[in-house]
Structure formats: structure tokens, C-alpha cells
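A.B. asks: My structure is stored as coords00.txt, with compact mmCIF, C-alpha atoms.
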```
# COMPACT_ATOMS: atom_id res chain seq x y z
CA THR A 1 0.03 -31.29 17.09
CA GLY A 2 -0.52 -30.83 13.36
CA GLY A 3 1.30 -31.77 10.18
CA PHE A 4 1.73 -34.64 7.76
CA ARG A 5 3.10 -38.15 8.04
CA SER A 6 4.15 -39.81 4.75
CA GLY A 7 3.07 -38.92 1.22
CA THR A 8 2.25 -40.74 -2.01
CA ASN A 9 2.94 -39.60 -5.57
CA TYR A 10 -0.33 -39.58 -7.51
CA ASP A 11 0.98 -37.59 -10.49
CA ALA A 12 4.26 -36.23 -11.86
CA ASN A 13 3.79 -32.66 -10.65
CA THR A 14 6.87 -31.65 -8.65
CA THR A 15 6.52 -27.86 -8.92
CA GLY A 16 3.20 -26.98 -7.26
CA TYR A 17 2.43 -27.54 -3.59
CA LYS A 18 0.64 -30.82 -2.90
CA LEU A 19 0.41 -30.53 0.89
CA VAL A 20 -0.21 -27.23 2.68
CA ALA A 21 -0.24 -26.38 6.41
CA THR A 22 -1.12 -22.69 6.77
CA ASN A 23 -2.84 -20.20 9.09
CA ASN A 24 -2.78 -22.32 12.24
CA THR A 25 -2.04 -21.54 15.86
CA VAL A 26 -0.67 -24.57 17.71
CA THR A 27 0.14 -24.45 21.41
CA GLY A 28 0.21 -26.75 24.42
CA ALA A 29 1.01 -30.02 22.61
CA ARG A 30 2.68 -32.43 25.03
CA ASN A 31 3.93 -36.01 24.95
CA LEU A 32 4.51 -37.00 28.57
CA PHE A 33 5.18 -40.70 28.07
CA PRO A 34 8.05 -42.46 26.28
CA CYS A 35 7.34 -44.42 23.13
CA ASN A 36 9.71 -47.26 24.19
CA CYS A 37 10.73 -47.41 20.53
CA PHE A 38 14.11 -47.26 18.80
CA GLY A 39 15.81 -47.37 22.18
CA PHE A 40 14.20 -44.17 23.50
CA GLN A 41 13.33 -44.25 27.17
CA GLN A 42 12.01 -40.67 27.30
CA PRO A 43 9.32 -38.66 25.51
CA THR A 44 10.38 -37.71 21.98
CA ASP A 45 7.50 -35.69 20.55
CA GLY A 46 4.87 -33.11 21.37
CA ASN A 47 5.85 -31.05 18.32
CA GLY A 48 3.72 -28.13 17.18
CA THR A 49 3.85 -29.10 13.49
CA ILE A 50 5.64 -32.15 12.07
CA ILE A 51 6.42 -33.27 8.51
CA ASP A 52 7.59 -36.87 8.73
CA SER A 53 8.46 -40.04 6.79
CA PHE A 54 8.06 -38.75 3.23
CA ASN A 55 11.34 -40.35 2.16
CA LYS A 56 10.05 -43.81 2.98
CA PHE A 57 7.82 -43.63 -0.09
CA ALA A 58 10.15 -41.56 -2.31
CA TYR A 59 7.60 -38.74 -2.24
CA THR A 60 8.57 -35.91 -4.63
CA GLY A 61 5.68 -33.46 -4.17
CA LYS A 62 6.28 -30.05 -2.62
CA THR A 63 4.97 -29.12 0.83
CA LEU A 64 4.29 -25.65 2.25
CA VAL A 65 4.27 -24.76 5.94
CA ALA A 66 3.47 -21.05 6.21
CA ASN A 67 1.71 -18.41 8.30
CA ASN A 68 1.59 -20.54 11.44
CA ILE A 69 2.08 -19.52 15.07
CA VAL A 70 3.55 -22.38 17.11
CA HIS A 71 4.34 -21.61 20.73
CA ASP A 72 4.84 -23.26 24.10
CA ASN A 73 4.69 -26.83 22.80
CA GLY A 74 6.48 -29.66 24.55
CA GLY A 75 8.58 -30.69 21.53
CA ARG A 76 9.93 -28.71 18.62
CA GLY A 77 7.93 -25.89 17.09
CA ILE A 78 8.12 -27.02 13.44
CA HIS A 79 9.92 -30.30 12.83
CA ALA A 80 10.82 -31.93 9.49
CA LEU A 81 12.12 -35.51 9.61
CA ASN A 82 12.83 -37.69 6.58
CA ALA A 83 11.17 -35.12 4.31
CA ASN A 84 12.25 -33.38 1.10
CA TYR A 85 11.02 -30.45 -1.04
CA LEU A 86 9.60 -28.39 1.82
CA ASP A 87 9.14 -24.62 2.15
CA VAL A 88 8.82 -23.19 5.67
CA PHE A 89 7.86 -19.53 5.16
CA ASN A 90 6.63 -16.73 7.44
CA ASN A 91 6.00 -18.67 10.63
CA THR A 92 6.36 -17.48 14.22
CA ALA A 93 7.87 -20.06 16.59
CA TYR A 94 8.07 -19.00 20.22
CA ARG A 95 9.57 -20.86 23.17
CA ASN A 96 8.77 -24.42 22.21
CA SER A 97 10.71 -27.42 23.56
CA THR A 98 9.19 -26.90 27.01
CA ILE A 99 9.74 -30.56 27.96
CA LYS A 100 13.47 -30.17 28.45
CA ILE A 101 14.42 -33.78 27.78
CA THR A 102 12.85 -33.84 24.32
CA GLY A 103 12.95 -30.51 22.53
CA ASP A 104 15.60 -29.58 19.97
CA GLY A 105 14.53 -26.10 18.93
CA GLU A 106 12.01 -23.87 17.27
CA ILE A 107 12.43 -25.06 13.64
CA THR A 108 14.34 -28.30 13.09
CA LEU A 109 15.47 -30.32 10.07
CA GLN A 110 16.63 -33.92 10.40
CA ARG A 111 17.37 -36.22 7.45
CA THR A 112 15.96 -33.73 4.97
CA ARG A 113 16.88 -32.38 1.52
CA PHE A 114 15.78 -29.31 -0.40
CA VAL A 115 14.14 -27.43 2.46
CA ARG A 116 13.89 -23.63 2.52
CA VAL A 117 13.31 -21.94 5.89
CA TRP A 118 12.70 -18.25 5.12
CA ASN A 119 11.16 -15.20 6.77
CA ASN A 120 10.43 -16.89 10.09
CA ILE A 121 10.68 -15.51 13.62
CA MET A 122 12.28 -17.94 16.07
CA VAL A 123 12.38 -17.05 19.77
CA ALA A 124 13.99 -19.76 21.89
CA SER A 125 14.25 -20.24 25.63
CA PRO A 126 17.74 -19.42 26.95
CA ASP A 127 18.77 -23.05 27.47
CA ARG A 128 17.40 -24.43 24.20
CA PRO A 129 18.69 -24.13 20.60
CA ALA A 130 16.89 -21.87 18.16
CA ASN A 131 17.12 -24.45 15.37
CA LEU A 132 18.56 -27.83 14.46
CA TYR A 133 20.11 -28.94 11.18
CA THR A 134 21.46 -32.47 11.20
CA LEU A 135 21.90 -35.39 8.78
CA SER A 136 20.50 -33.08 6.09
CA SER A 137 21.68 -31.49 2.85
CA ASP A 138 20.52 -28.71 0.51
CA GLY A 139 18.80 -26.94 3.40
CA ASP A 140 18.57 -23.17 3.52
CA PHE A 141 17.91 -21.17 6.68
CA SER A 142 17.79 -17.57 5.37
CA HIS A 143 16.10 -14.23 6.08
CA ASN A 144 15.01 -15.27 9.58
CA ILE A 145 14.91 -13.28 12.82
CA VAL A 146 16.35 -15.28 15.71
CA PHE A 147 16.28 -14.31 19.38
CA GLY A 148 17.35 -16.12 22.54
CA GLY A 149 18.50 -19.71 22.74
CA ASN A 150 21.97 -21.09 23.27
CA ARG A 151 22.88 -21.63 19.61
CA PHE A 152 21.84 -21.24 16.00
CA THR A 153 23.15 -23.70 13.38
CA PRO A 154 23.71 -22.02 10.00
CA THR A 155 23.26 -23.82 6.70
CA PRO A 156 25.73 -23.62 3.79
CA GLY A 157 24.65 -20.68 1.67
CA GLY A 158 22.20 -19.37 4.25
CA VAL A 159 22.06 -15.56 4.26
CA ASN A 160 20.56 -12.61 6.09
CA ASN A 161 19.69 -14.35 9.35
CA ARG A 162 19.45 -11.65 12.00
CA LEU A 163 20.70 -13.29 15.18
CA ALA A 164 20.24 -11.97 18.73
CA THR A 165 17.52 -9.70 17.35
CA ASP A 166 14.43 -9.08 19.48
CA PRO A 167 11.33 -9.10 17.23
CA LEU A 168 9.54 -6.81 19.72
CA PHE A 169 6.18 -8.51 20.08
CA THR A 170 3.51 -6.36 21.71
CA ALA A 171 2.06 -9.44 23.44
CA THR A 172 2.56 -13.22 23.41
CA SER A 173 -0.96 -14.19 24.52
CA GLY A 174 -4.53 -13.07 24.05
CA PRO A 175 -6.33 -11.91 20.89
CA PHE A 176 -3.97 -11.07 18.07
CA ALA A 177 -0.92 -12.30 19.96
CA PHE A 178 2.51 -11.86 18.35
CA GLN A 179 1.69 -8.55 16.74
CA LEU A 180 4.82 -6.47 16.16
CA ALA A 181 5.70 -3.11 17.66
CA PRO A 182 6.09 -0.26 15.13
CA ASN A 183 9.88 -0.30 15.57
CA SER A 184 10.22 -4.07 15.23
CA PRO A 185 13.07 -5.18 12.93
CA ALA A 186 10.58 -7.62 11.36
CA VAL A 187 8.42 -4.83 9.92
CA ASN A 188 8.63 -4.34 6.14
CA SER A 189 11.74 -6.52 5.90
CA VAL A 190 10.93 -9.85 4.23
CA HIS A 191 12.71 -11.56 1.39
CA ASN A 192 9.87 -11.32 -1.12
CA GLU A 193 9.78 -14.79 -2.68
CA GLY A 194 7.05 -17.05 -1.32
CA VAL A 195 5.39 -14.54 1.02
CA PRO A 196 1.71 -15.45 1.65
CA GLY A 197 -0.87 -12.92 0.43
CA VAL A 198 -2.49 -12.67 3.87
CA ASP A 199 -1.25 -13.23 7.41
CA VAL A 200 -2.35 -15.80 9.99
CA TYR A 201 -5.26 -13.56 11.04
CA GLY A 202 -6.39 -12.90 7.46
CA ALA A 203 -4.93 -9.39 7.15
CA PRO A 204 -3.57 -8.54 3.70
CA ARG A 205 0.16 -8.53 2.98
CA PRO A 206 1.82 -6.14 2.65
CA ARG A 207 0.27 -3.30 4.61
CA GLY A 208 3.27 -1.00 4.33
CA GLN A 209 6.30 -0.68 2.09
CA GLY A 210 6.91 -4.42 2.36
CA ALA A 211 5.60 -7.48 4.15
CA ASP A 212 6.62 -8.31 7.72
CA VAL A 213 8.72 -11.30 8.80
CA GLY A 214 6.79 -13.95 10.73
CA ALA A 215 3.16 -15.03 10.70
CA VAL A 216 1.61 -11.66 11.63
CA GLU A 217 1.46 -8.67 9.28
CA SER A 218 1.35 -5.70 11.65
CA PHE A 219 2.25 -2.63 9.57
```
Would you mind writing the structure in this file as C-alpha cells?

C.D. replies:
Amino acid sequence: TGGFRSGTNYDANTTGYKLVATNNTVTGARNLFPCNCFGFQQPTDGNGTIIDSFNKFAYTGKTLVANNIVHDNGGRGIHALNANYLDVFNNTAYRNSTIKITGDGEITLQRTRFVRVWNNIMVASPDRPANLYTLSSDGDFSHNIVFGGNRFTPTPGGVNNRLATDPLFTATSGPFAFQLAPNSPAVNSVHNEGVPGVDVYGAPRPRGQGADVGAVESF
């Protein structure tokens, strides 16, 4: 599991990114034991990447989570809880929430404000949600490719989410996993703002007419 827990304002800069989680592959995280906290009697974590508890300290810095592959983790793929001013761009989240009692989806926002979730690929298992948006405001799920799962929760103002759209990965394991097939709908189809200059493997973006959705720039 990777990510950040809490943040402290050390200057007045609220426009540049202060915390950055990029270019990671996270898989196999598991929490098999309950925390016995807050009334929970079952495991609650095992997330691939978590951004947590920023609101406790009124943290106002911006955070970037981009170019990550998170797959087959026990909890959520990318999870933001009690966090504001977060950009989640160009990640690939694949079949997380493998511990059925705990997982809520591939990319999840709880008690958040001012979070943009753009240009991500979310592939959910058939009996799990693709995303979660609860007790939050000013969130924006837009320009994502979503496949599988039993539901997708839209956000007010969210646009251009392509639901029930297979991203057409060439492989989901091995070297250079999650590359896209030439006819993938993710190829050359990003919303341009905030796209990283390279992909998770260090390849330049874009290679073609435009950058690709997700963490891997294939064409």
C-alpha cells in the first residue's frame, strides 16, 4: 500500500503540487485482520493507494496521484478519505477490492472536496462497483473509461465518462502489463489538461495524435 496520511501547511502555496504519488505499480496489498476500531469487526483496508486525514489539519496544499497501475489489491484501488484539493489523473485501476467484505471500488472518494478524477481506466470485477462517491462535494469524475462492475456513481458536472467500454489491454500481467491494443478506445483520446509528460514505464506522451487514457502510453 502507498499514499499519504495527513498533511501540514508549511507555506501559503495552494496552486502547485505539494505531495505527488506517480509512476508506481501497486498490487497484492491485503489487510486480513479487522482493526476493531470505530465499530468495524471486519478488515477495512488493503488499498493500493490511499490519501487520508488531510482535513484533520486543514491542509490546503494540492496533491497529485498520476501514472499509477493499481491492480488486484484487497481494498480499493485508489482511495481518498477526508482529503481535499486532489488530482487523480491517468491511472489504471484493475480489479481491486478482492477481499469482498471490504472493497468499495477502483477509485473512491469519501468525505472529500475539490477532487478531479480524469483520464483513468477503471476495470471492476462484476460484483463490485467501479467507483464510490459519498459524503463528498465538488468532486469531478470525467473523461474516464469504465468497464465491468455493478455500478458507476456519476458526479454533478462530470462529463465524457465512457461506461461499459472495454479498454482492450493486451495483457494484465508480465513485463509492460496493461499496454493497449491498437484499436483500444483509450488510444489518443485524453482530455489534455494535466496529462503527465511520460507514462508509468517512462515512455514519452504523446506518441501519436494525442495521449492515451490510463497509465500506459501505447501508441

A.B. asks: For a quick check of understanding, using all atoms listed in the file, which of A:Ala29, A:Val198, A:Leu86, A:Ala130 has the smallest distance to Gly16 in chain A?

C.D. replies: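 Selected residue with least distance to Gly16 in chain A: A:Leu86.
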
A.B. asks: Identify which of the residues A:Arg95, A:Ser142, A:Ile51, A:Gly61 lies closest to Arg111 in chain A, counting all atoms listed in the file when measuring atom-to-atom distances.

C.D. replies: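 Smallest distance to Arg111 in chain A is found for A:Ile51.
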
A.B. asks: Could you state the separation of CA of Pro154 in chain A and CA of Ser173 in chain A in Å, given to one decimal place?

C.D. replies: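 Atom-to-atom, CA of Pro154 in chain A to CA of Ser173 in chain A, that is 29.7 Å.
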
A.B. asks: Report, in Å to a single decimal, how far apart CA of Asn23 in chain A and CA of Lys100 in chain A are.

C.D. replies: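 For CA of Lys100 in chain A relative to CA of Asn23 in chain A, the distance reads 27.2 Å.
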
A.B. asks: Just give me the gap between CA of Thr49 in chain A and CA of Gly139 in chain A in Å, one decimal is fine.

C.D. replies: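 Separating CA of Thr49 in chain A from CA of Gly139 in chain A is a distance of 18.2 Å.
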
A.B. asks: Could you pull the residues within 6 Å of Asn84 in chain A, counting all atoms listed in the file, minus those fewer than 2 positions along the same chain, as a ChimeraX atom specification?

C.D. replies: /A:86,112-114

A.B. asks: Take the residues just selected and output them with C-alpha atoms as a compact mmCIF listing (two decimals), in the coordinates of the input.

C.D. replies:
```txt
# COMPACT_ATOMS: atom_id res chain seq x y z
CA LEU A 86 9.60 -28.39 1.82
CA THR A 112 15.96 -33.73 4.97
CA ARG A 113 16.88 -32.38 1.52
CA PHE A 114 15.78 -29.31 -0.40
```

A.B. asks: Which is closer to Phe152 in chain A than all the others in A:Ala215, A:Ala177, A:Met122, A:Leu168, using all atoms listed in the file?

C.D. replies: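 Checking each of A:Ala215, A:Ala177, A:Met122, A:Leu168 against Phe152 in chain A, counting all atoms listed in the file, the winner is A:Met122.
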
A.B. asks: As a PyMOL selection string, please: the residues near Asp127 in chain A (cut-off 8 Å, only C-alpha atoms, same-chain neighbours under 2 positions excluded).

C.D. replies: chain A and resi 125+129+149-150

A.B. asks: Using only C-alpha atoms, which of the listed residues (A:Leu109, A:Val115, A:Val146, A:Ala203) sits closest to Leu64 in chain A?

C.D. replies: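 Ranking A:Leu109, A:Val115, A:Val146, A:Ala203 by distance to Leu64 in chain A, first place goes to A:Val115.
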
A.B. asks: Which residue out of A:Ser184, A:Thr44, A:Thr14, A:Asn68 has the minimum interatomic distance to Gly202 in chain A when all atoms listed in the file are used?

C.D. replies: A:Asn68

A.B. asks: Out of A:Thr153, A:Thr108, A:Asn183, A:Asn120, which residue has the shortest atom-to-atom distance to Ala93 in chain A when counting all atoms listed in the file?

C.D. replies: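 Looking at the shortest contact to Ala93 in chain A, the residue is A:Asn120.
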
A.B. asks: List every protein, DNA or RNA residue that has an atom no more than 10 Å from (3.1, -29.0, 17.5) in the file's coordinate frame, counting all atoms listed in the file, and report them as a VMD selection string.

C.D. replies: chain A and resid 1 to 3 25 to 30 45 to 50 69 to 79 96 to 97

A.B. asks: Output the selection as an mmCIF file, in the frame of the given file - C-alpha atoms for each residue.

C.D. replies:
```cif
data_model
loop_
_atom_site.group_PDB
_atom_site.id
_atom_site.type_symbol
_atom_site.label_atom_id
_atom_site.label_comp_id
_atom_site.auth_asym_id
_atom_site.auth_seq_id
_atom_site.Cartn_x
_atom_site.Cartn_y
_atom_site.Cartn_z
ATOM 1 C CA THR A 1 0.030 -31.290 17.090
ATOM 2 C CA GLY A 2 -0.520 -30.830 13.360
ATOM 3 C CA GLY A 3 1.300 -31.770 10.180
ATOM 4 C CA THR A 25 -2.040 -21.540 15.860
ATOM 5 C CA VAL A 26 -0.670 -24.570 17.710
ATOM 6 C CA THR A 27 0.140 -24.450 21.410
ATOM 7 C CA GLY A 28 0.210 -26.750 24.420
ATOM 8 C CA ALA A 29 1.010 -30.020 22.610
ATOM 9 C CA ARG A 30 2.680 -32.430 25.030
ATOM 10 C CA ASP A 45 7.500 -35.690 20.550
ATOM 11 C CA GLY A 46 4.870 -33.110 21.370
ATOM 12 C CA ASN A 47 5.850 -31.050 18.320
ATOM 13 C CA GLY A 48 3.720 -28.130 17.180
ATOM 14 C CA THR A 49 3.850 -29.100 13.490
ATOM 15 C CA ILE A 50 5.640 -32.150 12.070
ATOM 16 C CA ILE A 69 2.080 -19.520 15.070
ATOM 17 C CA VAL A 70 3.550 -22.380 17.110
ATOM 18 C CA HIS A 71 4.340 -21.610 20.730
ATOM 19 C CA ASP A 72 4.840 -23.260 24.100
ATOM 20 C CA ASN A 73 4.690 -26.830 22.800
ATOM 21 C CA GLY A 74 6.480 -29.660 24.550
ATOM 22 C CA GLY A 75 8.580 -30.690 21.530
ATOM 23 C CA ARG A 76 9.930 -28.710 18.620
ATOM 24 C CA GLY A 77 7.930 -25.890 17.090
ATOM 25 C CA ILE A 78 8.120 -27.020 13.440
ATOM 26 C CA HIS A 79 9.920 -30.300 12.830
ATOM 27 C CA ASN A 96 8.770 -24.420 22.210
ATOM 28 C CA SER A 97 10.710 -27.420 23.560
#
```

A.B. asks: For Arg116 in chain A, list every protein, DNA or RNA residue within 12 Å, evaluated using all atoms listed in the file, and leave out those in the same chain fewer than 3 positions away; present the list as number ranges by chain.

C.D. replies: A: 62-66, 80, 83-90, 107-109, 112-113, 119-120, 133, 137-144, 155-159, 193-194

A.B. asks: Name all residues at most 8 Å from Gln179 in chain A (count all atoms listed in the file; drop same-chain ones fewer than 4 positions away) and give them as a PDB file with C-alpha atoms, keeping the file's coordinate frame.

C.D. replies:
```pdb
ATOM      1  CA  PHE A 169       6.180  -8.510  20.080  1.00  0.00           C
ATOM      2  CA  THR A 170       3.510  -6.360  21.710  1.00  0.00           C
ATOM      3  CA  ALA A 171       2.060  -9.440  23.440  1.00  0.00           C
ATOM      4  CA  VAL A 216       1.610 -11.660  11.630  1.00  0.00           C
ATOM      5  CA  GLU A 217       1.460  -8.670   9.280  1.00  0.00           C
ATOM      6  CA  SER A 218       1.350  -5.700  11.650  1.00  0.00           C
TER       7      SER A 218
END
```
